[in-house]
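Coordinates from my_file.txt are shown below (compact mmCIF, C-alpha atoms and all ligand atoms).
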# COMPACT_ATOMS: atom_id res chain seq x y z
CA MET Q 1475 -9.53 -16.95 0.01
CA SER Q 1476 -9.11 -17.51 3.73
CA PRO Q 1477 -8.97 -14.25 5.66
CA PRO Q 1478 -5.71 -13.45 7.43
CA ASP Q 1479 -5.43 -14.92 10.92
CA THR Q 1480 -5.98 -11.95 13.18
CA SER Q 1481 -7.31 -14.05 16.04
CA GLN Q 1482 -4.56 -12.88 18.38
CA ARG Q 1483 -5.73 -9.27 18.19
CA ALA Q 1484 -9.00 -7.43 18.59
CA ARG Q 1485 -10.31 -5.39 15.70
CA GLY Q 1486 -9.09 -1.84 16.23
CA ASP Q 1487 -5.67 -2.75 17.67
CA ALA Q 1488 -2.76 -1.35 15.67
CA VAL Q 1489 -1.59 -3.75 12.99
CA LEU Q 1490 1.13 -1.25 12.06
CA SER Q 1491 2.60 1.39 14.29
CA ILE Q 1492 5.32 3.80 13.32
CA GLU Q 1493 6.78 5.78 16.19
CA GLY Q 1494 9.31 8.59 16.07
CA VAL Q 1495 10.83 7.41 12.81
CA ASP Q 1496 13.55 9.31 11.00
CA SER Q 1497 14.54 7.88 7.62
CA GLY Q 1498 16.06 8.89 4.29
CA TYR Q 1499 18.54 8.18 1.55
CA GLY Q 1500 22.28 8.25 2.23
CA ASP Q 1501 22.67 11.25 4.50
CA VAL Q 1502 19.57 13.04 3.17
CA GLN Q 1503 16.83 12.92 5.79
CA VAL Q 1504 13.26 12.65 4.48
CA LEU Q 1505 11.10 11.41 7.37
CA ASP Q 1506 11.31 13.53 10.49
CA ASP Q 1507 10.02 12.02 13.72
CA LEU Q 1508 7.11 10.31 11.95
CA THR Q 1509 4.42 8.79 14.14
CA MET Q 1510 1.30 7.16 12.70
CA HIS Q 1511 -0.55 3.86 12.83
CA VAL Q 1512 -2.93 1.58 10.95
CA ALA Q 1513 -5.55 -0.14 13.10
CA ASP Q 1514 -6.61 -3.69 12.34
CA GLY Q 1515 -9.19 -3.66 9.54
CA GLU Q 1516 -8.59 -0.07 8.45
CA ILE Q 1517 -7.78 1.60 5.17
CA VAL Q 1518 -5.51 4.56 5.92
CA CYS Q 1519 -4.83 6.99 3.09
CA LEU Q 1520 -1.51 8.84 3.14
CA ILE Q 1521 -1.64 12.08 1.17
CA GLY Q 1522 0.60 15.11 0.72
CA PRO Q 1523 2.49 17.07 -1.92
CA ASN Q 1524 5.08 15.67 -4.32
CA GLY Q 1525 8.28 14.88 -2.47
CA ALA Q 1526 6.60 14.92 0.96
CA GLY Q 1527 8.00 11.47 1.71
CA LYS Q 1528 4.92 9.30 1.16
CA SER Q 1529 6.73 6.60 -0.82
CA THR Q 1530 9.58 6.81 1.68
CA VAL Q 1531 7.14 5.85 4.46
CA LEU Q 1532 6.16 2.68 2.60
CA LYS Q 1533 9.78 1.86 1.73
CA THR Q 1534 10.77 2.28 5.37
CA VAL Q 1535 7.95 0.03 6.59
CA PHE Q 1536 8.79 -2.61 3.97
CA GLY Q 1537 12.48 -2.76 4.91
CA LEU Q 1538 13.78 -1.17 1.71
CA LEU Q 1539 15.14 1.61 3.89
CA GLU Q 1540 16.39 1.16 7.43
CA PRO Q 1541 14.88 3.62 9.91
CA TRP Q 1542 17.57 5.87 11.39
CA SER Q 1543 15.70 6.02 14.66
CA GLY Q 1544 12.33 5.16 16.17
CA SER Q 1545 10.32 1.98 15.82
CA VAL Q 1546 8.18 0.23 13.21
CA ARG Q 1547 5.96 -2.48 14.65
CA PHE Q 1548 3.80 -4.97 12.74
CA ALA Q 1549 1.30 -7.09 14.67
CA GLY Q 1550 3.09 -6.12 17.86
CA GLY Q 1551 6.65 -7.07 16.81
CA GLU Q 1552 9.48 -4.76 15.79
CA ILE Q 1553 10.16 -4.97 12.02
CA GLY Q 1554 12.31 -1.87 11.40
CA GLY Q 1555 14.95 -2.68 8.77
CA GLU Q 1556 13.85 -6.30 8.43
CA ASP Q 1557 14.40 -8.02 5.10
CA PRO Q 1558 11.45 -7.52 2.67
CA ALA Q 1559 11.33 -11.26 1.90
CA ASP Q 1560 10.88 -12.00 5.61
CA LEU Q 1561 8.19 -9.34 5.87
CA VAL Q 1562 6.28 -10.90 2.97
CA ARG Q 1563 6.37 -14.24 4.80
CA LYS Q 1564 5.11 -12.53 7.97
CA GLY Q 1565 2.12 -11.02 6.17
CA VAL Q 1566 3.17 -7.62 4.83
CA GLY Q 1567 2.48 -6.99 1.13
CA TYR Q 1568 3.79 -4.08 -0.94
CA VAL Q 1569 2.63 -2.74 -4.31
CA PRO Q 1570 5.27 -0.20 -5.43
CA GLN Q 1571 4.53 3.03 -7.29
CA ILE Q 1572 6.36 1.91 -10.45
CA ASP Q 1573 7.61 -1.36 -11.91
CA ASN Q 1574 5.11 -3.37 -9.90
CA VAL Q 1575 4.72 -6.21 -12.43
CA PHE Q 1576 7.09 -8.10 -14.73
CA GLY Q 1577 6.21 -6.71 -18.18
CA SER Q 1578 7.54 -9.58 -20.27
CA LEU Q 1579 5.92 -12.29 -18.15
CA SER Q 1580 2.34 -13.45 -18.56
CA VAL Q 1581 -0.42 -12.62 -16.10
CA ASN Q 1582 -0.27 -16.19 -14.81
CA GLU Q 1583 3.52 -16.10 -14.44
CA ASN Q 1584 3.29 -12.81 -12.57
CA LEU Q 1585 0.82 -14.33 -10.11
CA ARG Q 1586 2.98 -17.42 -9.61
CA MET Q 1587 6.03 -15.21 -9.04
CA GLY Q 1588 4.06 -13.39 -6.36
CA GLY Q 1589 3.68 -16.70 -4.55
CA VAL Q 1590 7.20 -18.13 -4.71
CA ALA Q 1591 7.41 -17.98 -0.92
CA ARG Q 1592 4.15 -19.94 -0.52
CA LYS Q 1593 4.66 -23.43 0.83
CA GLU Q 1594 1.22 -24.75 -0.06
CA GLY Q 1595 -2.12 -23.72 -1.46
CA LEU Q 1596 -0.73 -21.56 -4.26
CA ASP Q 1597 -2.91 -23.07 -7.01
CA GLU Q 1598 -6.07 -22.69 -4.92
CA THR Q 1599 -5.28 -19.07 -4.11
CA ILE Q 1600 -4.59 -18.20 -7.73
CA THR Q 1601 -7.85 -19.87 -8.77
CA GLU Q 1602 -9.68 -17.74 -6.20
CA LEU Q 1603 -7.95 -14.60 -7.46
CA TYR Q 1604 -9.06 -15.38 -11.03
CA GLU Q 1605 -12.62 -15.70 -9.74
CA ARG Q 1606 -12.33 -12.38 -7.96
CA PHE Q 1607 -10.65 -10.57 -10.87
CA PRO Q 1608 -12.27 -11.96 -14.04
CA LEU Q 1609 -10.37 -9.56 -16.26
CA LEU Q 1610 -7.14 -11.28 -15.20
CA ASP Q 1611 -8.71 -14.66 -15.89
CA GLU Q 1612 -9.46 -13.59 -19.45
CA LYS Q 1613 -5.88 -12.39 -19.90
CA ARG Q 1614 -4.03 -15.26 -18.22
CA GLY Q 1615 -1.69 -15.82 -21.17
CA ALA Q 1616 -1.15 -12.16 -22.11
CA THR Q 1617 2.07 -10.50 -21.02
CA ALA Q 1618 1.74 -7.68 -18.51
CA ASN Q 1619 3.04 -5.30 -21.21
CA GLN Q 1620 -0.04 -6.11 -23.30
CA LEU Q 1621 -2.44 -5.00 -20.54
CA SER Q 1622 -3.94 -1.54 -20.18
CA GLY Q 1623 -2.75 0.64 -17.29
CA GLY Q 1624 -5.80 -0.22 -15.18
CA GLN Q 1625 -5.47 -3.94 -15.86
CA ARG Q 1626 -1.79 -3.79 -14.92
CA GLN Q 1627 -2.64 -2.10 -11.63
CA VAL Q 1628 -5.16 -4.86 -10.84
CA LEU Q 1629 -2.49 -7.45 -11.68
CA ALA Q 1630 -0.05 -5.71 -9.31
CA LEU Q 1631 -2.68 -5.81 -6.58
CA ALA Q 1632 -3.54 -9.48 -7.21
CA ARG Q 1633 0.15 -10.35 -7.28
CA ALA Q 1634 0.57 -8.98 -3.76
CA LEU Q 1635 -2.57 -10.84 -2.63
CA VAL Q 1636 -1.13 -14.23 -3.60
CA MET Q 1637 0.68 -14.17 -0.25
CA GLU Q 1638 -2.59 -13.40 1.58
CA PRO Q 1639 -1.11 -10.42 3.43
CA GLU Q 1640 -2.52 -9.14 6.68
CA LEU Q 1641 -1.26 -5.64 5.87
CA LEU Q 1642 -0.97 -4.26 2.34
CA LEU Q 1643 1.09 -1.18 1.45
CA ILE Q 1644 -0.07 0.33 -1.85
CA ASP Q 1645 1.70 3.23 -3.53
CA GLU Q 1646 -0.55 5.34 -5.79
CA PRO Q 1647 -2.84 2.69 -7.32
CA SER Q 1648 -4.57 5.35 -9.44
CA ALA Q 1649 -1.44 6.98 -10.90
CA GLY Q 1650 -1.76 7.60 -14.62
CA LEU Q 1651 -5.21 5.99 -14.94
CA ALA Q 1652 -8.26 7.42 -16.69
CA PRO Q 1653 -10.92 8.66 -14.21
CA SER Q 1654 -13.38 5.90 -15.12
CA ILE Q 1655 -10.79 3.23 -14.33
CA VAL Q 1656 -9.69 4.91 -11.11
CA ASP Q 1657 -13.07 4.03 -9.59
CA ASP Q 1658 -12.69 0.37 -10.57
CA VAL Q 1659 -9.23 0.14 -9.02
CA PHE Q 1660 -10.47 1.78 -5.80
CA ASP Q 1661 -13.40 -0.65 -5.74
CA ASP Q 1662 -10.92 -3.50 -5.89
CA VAL Q 1663 -8.85 -1.98 -3.07
CA GLN Q 1664 -12.00 -1.69 -0.98
CA THR Q 1665 -12.95 -5.31 -1.67
CA VAL Q 1666 -9.52 -6.45 -0.53
CA ASN Q 1667 -10.09 -4.53 2.71
CA ASP Q 1668 -13.59 -5.95 3.15
CA LEU Q 1669 -12.05 -9.43 3.02
CA GLY Q 1670 -9.90 -8.62 6.03
CA THR Q 1671 -6.65 -7.03 4.86
CA SER Q 1672 -5.60 -3.77 6.54
CA ILE Q 1673 -4.31 -1.22 4.05
CA LEU Q 1674 -1.93 1.73 4.05
CA MET Q 1675 -2.43 3.46 0.71
CA VAL Q 1676 -0.57 6.44 -0.72
CA GLU Q 1677 -2.68 8.54 -3.10
CA GLN Q 1678 -2.20 11.73 -5.12
CA ASN Q 1679 -5.84 11.49 -6.02
CA ALA Q 1680 -6.49 12.61 -2.47
CA ARG Q 1681 -10.26 13.19 -2.48
CA GLU Q 1682 -11.04 9.83 -4.04
CA GLY Q 1683 -8.46 8.03 -1.96
CA LEU Q 1684 -9.90 9.49 1.25
CA SER Q 1685 -13.43 8.68 0.16
CA ILE Q 1686 -12.76 4.92 0.39
CA SER Q 1687 -10.61 5.20 3.53
CA ASP Q 1688 -11.35 5.09 7.26
CA ARG Q 1689 -8.65 7.56 8.20
CA GLY Q 1690 -6.26 9.90 6.47
CA VAL Q 1691 -2.80 11.19 7.26
CA VAL Q 1692 -1.42 14.33 5.62
CA LEU Q 1693 2.35 14.24 5.26
CA ASP Q 1694 4.34 17.35 4.40
CA GLN Q 1695 8.12 17.64 4.46
CA GLY Q 1696 8.43 14.24 6.09
CA THR Q 1697 6.19 14.94 9.03
CA VAL Q 1698 2.49 14.50 9.90
CA ARG Q 1699 0.51 17.76 9.50
CA PHE Q 1700 -3.00 16.36 9.91
CA GLU Q 1701 -4.42 13.03 10.94
CA ASP Q 1702 -8.13 12.33 11.32
CA ARG Q 1703 -11.09 10.31 10.16
CA ALA Q 1704 -11.16 10.51 6.38
CA ASP Q 1705 -14.60 12.17 6.26
CA ARG Q 1706 -13.42 14.87 8.67
CA LEU Q 1707 -10.29 15.57 6.64
CA LEU Q 1708 -12.47 15.95 3.54
CA ASP Q 1709 -14.58 18.50 5.44
CA ASN Q 1710 -11.63 20.37 6.96
CA PRO Q 1711 -11.31 23.74 5.14
CA GLU Q 1712 -7.61 24.09 5.86
CA VAL Q 1713 -6.80 20.59 4.62
CA SER Q 1714 -8.99 21.25 1.62
CA ARG Q 1715 -7.26 24.52 0.77
CA LEU Q 1716 -3.72 23.30 1.37
CA TYR Q 1717 -3.83 19.71 0.20
CA LEU Q 1718 -7.01 18.91 -1.73
CA GLY Q 1719 -6.90 21.69 -4.29
CA GLY Q 1720 -9.58 23.86 -2.62
N1 LIG Q 1801 16.37 7.00 -4.14
C1 LIG Q 1801 16.43 8.24 -3.66
N2 LIG Q 1801 17.62 8.85 -3.41
C2 LIG Q 1801 17.68 10.10 -2.92
N3 LIG Q 1801 16.61 10.86 -2.65
C3 LIG Q 1801 15.41 10.33 -2.90
C4 LIG Q 1801 15.24 9.00 -3.42
N4 LIG Q 1801 13.93 8.75 -3.55
C5 LIG Q 1801 13.29 9.86 -3.14
N5 LIG Q 1801 14.17 10.80 -2.74
C6 LIG Q 1801 13.85 12.14 -2.21
O1 LIG Q 1801 13.13 11.98 -1.01
C7 LIG Q 1801 12.07 12.94 -0.92
C8 LIG Q 1801 10.76 12.24 -0.70
O2 LIG Q 1801 10.50 11.38 -1.81
P1 LIG Q 1801 9.25 10.42 -1.88
O3 LIG Q 1801 9.43 9.62 -3.12
O4 LIG Q 1801 9.08 9.69 -0.61
O5 LIG Q 1801 8.06 11.47 -2.03
P2 LIG Q 1801 6.53 11.23 -2.36
O6 LIG Q 1801 5.75 11.95 -1.31
O7 LIG Q 1801 6.26 9.79 -2.56
O8 LIG Q 1801 6.38 12.04 -3.73
P3 LIG Q 1801 5.50 11.72 -5.04
O9 LIG Q 1801 4.15 12.27 -4.74
O10 LIG Q 1801 6.18 12.51 -6.10
O11 LIG Q 1801 5.50 10.25 -5.30
C9 LIG Q 1801 12.13 13.75 -2.18
O12 LIG Q 1801 12.84 14.93 -1.92
C10 LIG Q 1801 12.91 12.89 -3.15
O13 LIG Q 1801 13.63 13.65 -4.07
MG MG Q 1802 5.68 8.66 -4.17
Take the structure in this file and express it as structure tokens.
Amino acid sequence: MSPPDTSQRARGDAVLSIEGVDSGYGDVQVLDDLTMHVADGEIVCLIGPNGAGKSTVLKTVFGLLEPWSGSVRFAGGEIGGEDPADLVRKGVGYVPQIDNVFGSLSVNENLRMGGVARKEGLDETITELYERFPLLDEKRGATANQLSGGQRQVLALARALVMEPELLLIDEPSAGLAPSIVDDVFDDVQTVNDLGTSILMVEQNAREGLSISDRGVVLDQGTVRFEDRADRLLDNPEVSRLYLGG
């Protein structure tokens, strides 16, 4: 698969920057003056307690929620409140926390659906994805409902990759998976990053999520409490006690 075209920016520039964002549902505010960024080439892991607003961050970046204030910039341009379909075309991918595949459609149909906005090269990309994820190749004709939880999560990831995103937003890839499979899914996330896609990943499985990430952001009550290199967050006693289960 051809790596995303990042020739306009140097590695390390922000691919995503969120500045002073308030956001929420109806008149219920969830995000409170949120500021964070993802540098080009990074995996950033967003952690924090249930209800902290982690999924709300991804939904706000992906245009499912309109920011009430502040700015969301992707590759230098403002995208706050932009239509998700336009964002997909621009190079932002999103793997939601739930309902991230079509259960009654086959693996192959799911991948093709992921590429409906592709103008050309869809067959080649899907062939490459089958080479990269052999378990999907073996299950091409199976419906997503027939896959195991781990296989479904890999399908959801591959489905987002059909558009060859520059930035991928992933909400809890390890949710509900057996520990042995969690490692496989994280390996796949890391491979996607190695091939050039910047990643903002939400994880409940905070220690493991941080262990494959460059940086981590701790969100609590809609605001950033800690932000640092992932290895430093793992070593921080306060973060450990408050957010990593000791
Ligand atoms: N569709 C919605 N309508 C109203 N309130 C919502 C909606 N979705 C989430 N919320 C509320 O917004 C807050 C943040 O939710 P969010 O889903 O972003 O948290 P989270 O950090 O992803 O939690 P979890 O770890 O449980 O996935 C919570 O109080 C939640 O109840
Ligand atoms: Mg969530």
Any idea what's packed within 7 Å of stretch 1638-1646 of chain Q, counting all atoms listed in the file, ignoring anything in its chain fewer than 2 positions away? Could you give it as a ChimeraX atom specification? /Q:1478,1529,1532,1565-1571,1635-1636,1648-1649,1671-1678
I need the chosen residues saved as a short mmCIF file (atom, residue, chain, number, x, y, z; two decimals), in the frame of the given file, with C-alpha atoms.
data_model
loop_
_atom_site.label_atom_id
_atom_site.label_comp_id
_atom_site.auth_asym_id
_atom_site.auth_seq_id
_atom_site.Cartn_x
_atom_site.Cartn_y
_atom_site.Cartn_z
CA PRO Q 1478 -5.71 -13.45 7.43
CA SER Q 1529 6.73 6.60 -0.82
CA LEU Q 1532 6.16 2.68 2.60
CA GLY Q 1565 2.12 -11.02 6.17
CA VAL Q 1566 3.17 -7.62 4.83
CA GLY Q 1567 2.48 -6.99 1.13
CA TYR Q 1568 3.79 -4.08 -0.94
CA VAL Q 1569 2.63 -2.74 -4.31
CA PRO Q 1570 5.27 -0.20 -5.43
CA GLN Q 1571 4.53 3.03 -7.29
CA LEU Q 1635 -2.57 -10.84 -2.63
CA VAL Q 1636 -1.13 -14.23 -3.60
CA SER Q 1648 -4.57 5.35 -9.44
CA ALA Q 1649 -1.44 6.98 -10.90
CA THR Q 1671 -6.65 -7.03 4.86
CA SER Q 1672 -5.60 -3.77 6.54
CA ILE Q 1673 -4.31 -1.22 4.05
CA LEU Q 1674 -1.93 1.73 4.05
CA MET Q 1675 -2.43 3.46 0.71
CA VAL Q 1676 -0.57 6.44 -0.72
CA GLU Q 1677 -2.68 8.54 -3.10
CA GLN Q 1678 -2.20 11.73 -5.12
#
Stretch 1500-1513 of chain Q: which residues within 8 Å, counting all atoms listed in the file, same-chain residues fewer than 5 positions away excluded, as a ChimeraX atom specification? /Q:1485-1495,1518,1526-1527,1530-1531,1544,1672-1674,1691,1695-1698
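Compared by their closest atoms to Q:Asp1560, and using all atoms listed in the file, the residues Q:Ile1521, Q:Leu1603, Q:Leu1596, Q:Met1637 rank with Q:Met1637 nearest.
Take the candidates Q:Asn1584, Q:Ser1685, Q:Thr1534, Q:Gln1620 and check each one against Q:Asp1709 using all atoms listed in the file; the shortest distance goes to Q:Ser1685.
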Go through Q:Ile1553, Q:Val1590, Q:Val1575, Q:Val1656 and flag the residue nearest Q:Ala1618, using all atoms listed in the file for the distances. Q:Val1575
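One finds atom CA of Q:Lys1528 at 5.4 Å from atom MG of ligand MG 1802 (chain Q).
For Q:Ser1622, the residues within 12 Å (counting only C-alpha atoms, excluding itself and residues fewer than 2 positions away along the chain) are Gly1577, Leu1609, Leu1610, Lys1613, Ala1616, Thr1617, Ala1618, Asn1619, Gln1620, Gly1624, Gln1625, Arg1626, Gln1627, Val1628, Leu1629, Gly1650, Leu1651, Ala1652 and Ile1655 of chain Q.
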What does the distance between atom CA of Q:Arg1689 and atom CA of Q:Glu1516 come to in Å, to one decimal place?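 A separation of 7.6 Å between them.
Interatomic distance, atom CA of Q:Asp1661 to atom CA of Q:Phe1607: 11.5 Å.
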For the point (0.3, 17.9, 2.6) in the file's frame, write as a compact mmCIF listing (two decimals) with C-alpha atoms, keeping the file's coordinate frame all residues with an atom no more than 7 Å away, counting only C-alpha atoms.
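This is the output file selection01.txt:
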# COMPACT_ATOMS: atom_id res chain seq x y z
CA ILE Q 1521 -1.64 12.08 1.17
CA GLY Q 1522 0.60 15.11 0.72
CA PRO Q 1523 2.49 17.07 -1.92
CA VAL Q 1692 -1.42 14.33 5.62
CA LEU Q 1693 2.35 14.24 5.26
CA ASP Q 1694 4.34 17.35 4.40
CA ARG Q 1699 0.51 17.76 9.50
CA LEU Q 1716 -3.72 23.30 1.37
CA TYR Q 1717 -3.83 19.71 0.20
Counting all atoms listed in the file, select every polymer residue within 9 Å of (-6.9, 19.0, -0.5) as defined in the file's coordinates, and provide the selection as number ranges by chain. Q: 1521-1522, 1680-1681, 1707-1708, 1710-1720
Box time for ligand LIG 1801 (chain Q): axis-aligned, enclosing all its listed atoms, 6 Å extra on each side; report centre and edge lengths in Å to one decimal, as lines of an AutoDock Vina configuration file.
center_x = 10.9
center_y = 11.0
center_z = -3.4
size_x = 25.5
size_y = 19.9
size_z = 17.5
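Distance annotation: of Q:Pro1647, Q:Ser1543, Q:Asp1611, Q:Glu1605, the residue with the minimal separation from ligand MG 1802 (chain Q) is Q:Pro1647; atom set is all atoms listed in the file.
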Give the answer as one residue: which of Q:Arg1703, Q:Thr1601, Q:Pro1608, Q:Pro1558 has the shortest atom-to-atom distance to Q:Phe1536, using only C-alpha atoms?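 Ranking Q:Arg1703, Q:Thr1601, Q:Pro1608, Q:Pro1558 by distance to Q:Phe1536, first place goes to Q:Pro1558.
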